[in-house]
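Undergrad: I have a structure here, written as structure tokens, and I will follow up with some questions on it.
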Amino acid sequence: QVQLVESGGGLVQTGGSLRLSCAVSRSTFSIDTMGWYRQVSGKQRDFVAYITRGGITSYADFVKGRSTISRDDGRSTVYLQVNNLKPEDTAVYYCYANVGGRITWGQGTQATVSA
């Protein structure tokens with residue numbers, strides 16, 4: 001069973017940056033799509049970004065222009081860099097992997113942006 005472990009969350013000031021990492025327990029060379037969602041307590045989980053095996057990326061409007069998703073298949077890791085952080089970016093960030101049509105989630109990492 002594939003396992004995903006996020007890291008890199010923490011407390012950051014407004015305007016700062018975070019680089020989130022998601023380590024996957026198996027080779028990611030054959031995983032087509034990996035990405036990130038985020039969830040504010042009491043609200044639905046929202047799409048943030050994804051990246052395909054071919055390097056195609058997509059971003060939610062609320063991070064577009066200040067976020068970069070990347071993947072290092074040699075390290076079986078997917079990254080999310082978010083710059084110019086705002087208090088509304090405070091959330092638990094979850095990574096996911098689409099393995100053969102089955103979505104696997106990580107346990108999440110909390111990112112808190114102070115005003």
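Each chain of the structure tokens is named A, B, ... in the order shown, its residues numbered from 1; ligands are numbered from 1 in display order.
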Give me, as a list in words, all polymer residues having an atom no more than 10 Å from A:Ser27, counting only C-alpha atoms and skipping those fewer than 5 positions away in the same chain.

TA: Val2, Asp73, Gly74, Arg75, Ser76 and Thr77 of chain A

Undergrad: With N, CA and C atoms retained, export the selected residues as a PDB file, in the first residue's frame.

TA:
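Okay, this is what ended up in result.pdb:
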```pdb
ATOM      1  N   VAL A   2       0.524   2.191  -0.835  1.00  0.00           N
ATOM      2  CA  VAL A   2       1.294   3.421  -0.936  1.00  0.00           C
ATOM      3  C   VAL A   2       1.028   4.291   0.277  1.00  0.00           C
ATOM      4  N   ASP A  73      11.037  12.520  -9.066  1.00  0.00           N
ATOM      5  CA  ASP A  73      10.747  11.094  -9.057  1.00  0.00           C
ATOM      6  C   ASP A  73      11.942  10.268  -8.560  1.00  0.00           C
ATOM      7  N   GLY A  74      13.118  10.823  -8.670  1.00  0.00           N
ATOM      8  CA  GLY A  74      14.283  10.120  -8.146  1.00  0.00           C
ATOM      9  C   GLY A  74      14.253  10.024  -6.633  1.00  0.00           C
ATOM     10  N   ARG A  75      13.605  10.983  -6.016  1.00  0.00           N
ATOM     11  CA  ARG A  75      13.442  10.997  -4.559  1.00  0.00           C
ATOM     12  C   ARG A  75      12.033  10.607  -4.120  1.00  0.00           C
ATOM     13  N   SER A  76      11.188  10.279  -5.088  1.00  0.00           N
ATOM     14  CA  SER A  76       9.791   9.911  -4.792  1.00  0.00           C
ATOM     15  C   SER A  76       9.124  10.975  -3.928  1.00  0.00           C
ATOM     16  N   THR A  77       9.282  12.212  -4.324  1.00  0.00           N
ATOM     17  CA  THR A  77       8.783  13.325  -3.529  1.00  0.00           C
ATOM     18  C   THR A  77       8.123  14.365  -4.425  1.00  0.00           C
TER      19      THR A  77
END
```

Undergrad: Using only C-alpha atoms, find each residue of stretch 36-90 of chain A with at least one atom at most 7 Å away from an atom of stretch 10-24 of chain A; report its shortest atom-to-atom pair and that distance in Å (one decimal), sort the rows by chain and rising residue number, and return the result as JSON lines.

TA:
```
{"residue": "A:Ser76", "atom": "CA", "partner": "A:Val24", "partner_atom": "CA", "distance": 5.4}
{"residue": "A:Thr77", "atom": "CA", "partner": "A:Ala23", "partner_atom": "CA", "distance": 4.5}
{"residue": "A:Val78", "atom": "CA", "partner": "A:Cys22", "partner_atom": "CA", "distance": 5.2}
{"residue": "A:Tyr79", "atom": "CA", "partner": "A:Ser21", "partner_atom": "CA", "distance": 4.6}
{"residue": "A:Leu80", "atom": "CA", "partner": "A:Leu20", "partner_atom": "CA", "distance": 5.0}
{"residue": "A:Gln81", "atom": "CA", "partner": "A:Arg19", "partner_atom": "CA", "distance": 4.3}
{"residue": "A:Val82", "atom": "CA", "partner": "A:Leu18", "partner_atom": "CA", "distance": 5.4}
{"residue": "A:Asn83", "atom": "CA", "partner": "A:Ser17", "partner_atom": "CA", "distance": 4.3}
{"residue": "A:Asn84", "atom": "CA", "partner": "A:Gly15", "partner_atom": "CA", "distance": 4.1}
{"residue": "A:Leu85", "atom": "CA", "partner": "A:Gly15", "partner_atom": "CA", "distance": 4.8}
{"residue": "A:Lys86", "atom": "CA", "partner": "A:Thr14", "partner_atom": "CA", "distance": 5.1}
{"residue": "A:Pro87", "atom": "CA", "partner": "A:Thr14", "partner_atom": "CA", "distance": 6.4}
```

Undergrad: Kindly save the residues from that selection, with C-alpha atoms included, as an mmCIF file, in the first residue's frame.

TA:
```
data_model
loop_
_atom_site.group_PDB
_atom_site.id
_atom_site.type_symbol
_atom_site.label_atom_id
_atom_site.label_comp_id
_atom_site.auth_asym_id
_atom_site.auth_seq_id
_atom_site.Cartn_x
_atom_site.Cartn_y
_atom_site.Cartn_z
ATOM 1 C CA SER A 76 9.791 9.911 -4.792
ATOM 2 C CA THR A 77 8.783 13.325 -3.529
ATOM 3 C CA VAL A 78 6.394 16.047 -4.585
ATOM 4 C CA TYR A 79 6.830 19.631 -3.429
ATOM 5 C CA LEU A 80 4.652 22.687 -3.052
ATOM 6 C CA GLN A 81 6.240 26.094 -2.725
ATOM 7 C CA VAL A 82 3.906 28.909 -1.703
ATOM 8 C CA ASN A 83 5.154 32.483 -1.554
ATOM 9 C CA ASN A 84 3.621 35.707 -0.334
ATOM 10 C CA LEU A 85 1.597 33.799 2.238
ATOM 11 C CA LYS A 86 -1.612 35.287 3.580
ATOM 12 C CA PRO A 87 -3.545 34.507 6.769
#
```

Undergrad: Could you check the closest approach to A:Ile31 for each of A:Gln3, A:Thr109, A:Thr52, A:Thr104 and tell me which residue wins, using only C-alpha atoms?

TA: A:Thr52

Undergrad: Residues of stretch 12-77 of chain A classed as strand (DSSP E) by DSSP on the backbone are to be reported as number ranges by chain.

TA: A: 12-13, 18-24, 33-39, 45-52, 57-59, 67-72, 77

Undergrad: In Å, how far is it from atom CA of A:Phe62 to atom CA of A:Ala49?

TA: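 Distance between the two atoms: 10.3 Å.
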
Undergrad: Here is a test: counting only C-alpha atoms, which residue of A:Met34, A:Val5, A:Val48, A:Val63 is nearest to A:Gly101?

TA: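 The answer is A:Met34, which sits nearest to A:Gly101.
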
Undergrad: Point out the residue among A:Phe47, A:Phe29, A:Trp36, A:Tyr93 with the least atom-to-atom distance to A:Ile69, counting only C-alpha atoms.

TA: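 Nearest candidate to A:Ile69 out of A:Phe47, A:Phe29, A:Trp36, A:Tyr93: A:Trp36.
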
Undergrad: Could you check the closest approach to A:Leu4 for each of A:Arg102, A:Gln110, A:Cys95, A:Ser41 and tell me which residue wins, using only C-alpha atoms?

TA: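 Nearest to A:Leu4: A:Cys95.
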
Undergrad: What separation in Å, quoted to one decimal, exists between atom CA of A:Val99 and atom CA of A:Ile51?

TA: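 For atom CA of A:Val99 relative to atom CA of A:Ile51, the distance reads 13.3 Å.
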
Undergrad: I'd like the neighbourhood of A:Gly100 as a list in words, where a residue qualifies if any of its atoms comes within 10 Å (using only C-alpha atoms), though same-chain residues fewer than 4 positions away should be ignored.

TA: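 Contacts, in chain order: Ser30, Ile31, Asp32 and Thr33 of chain A.
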
Undergrad: Tell me which protein, DNA and RNA residues are within 6 Å of A:Gly108, counting only C-alpha atoms, leaving out same-chain ones fewer than 5 positions away, and put them as a list in words.

TA: Glu6, Val92, Tyr93 and Tyr94 of chain A

Undergrad: Hey, can you check how far atom CA of A:Gly65 sits from atom CA of A:Asp89?

TA: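 We find that atom CA of A:Gly65 and atom CA of A:Asp89 lie 14.2 Å from each other.
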
Undergrad: For A:Ser114, which residue among A:Ile56, A:Asn98, A:Thr90, A:Gly9 is the nearest when counting only C-alpha atoms?

TA: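 Among A:Ile56, A:Asn98, A:Thr90, A:Gly9, it is A:Thr90 that comes nearest to A:Ser114.
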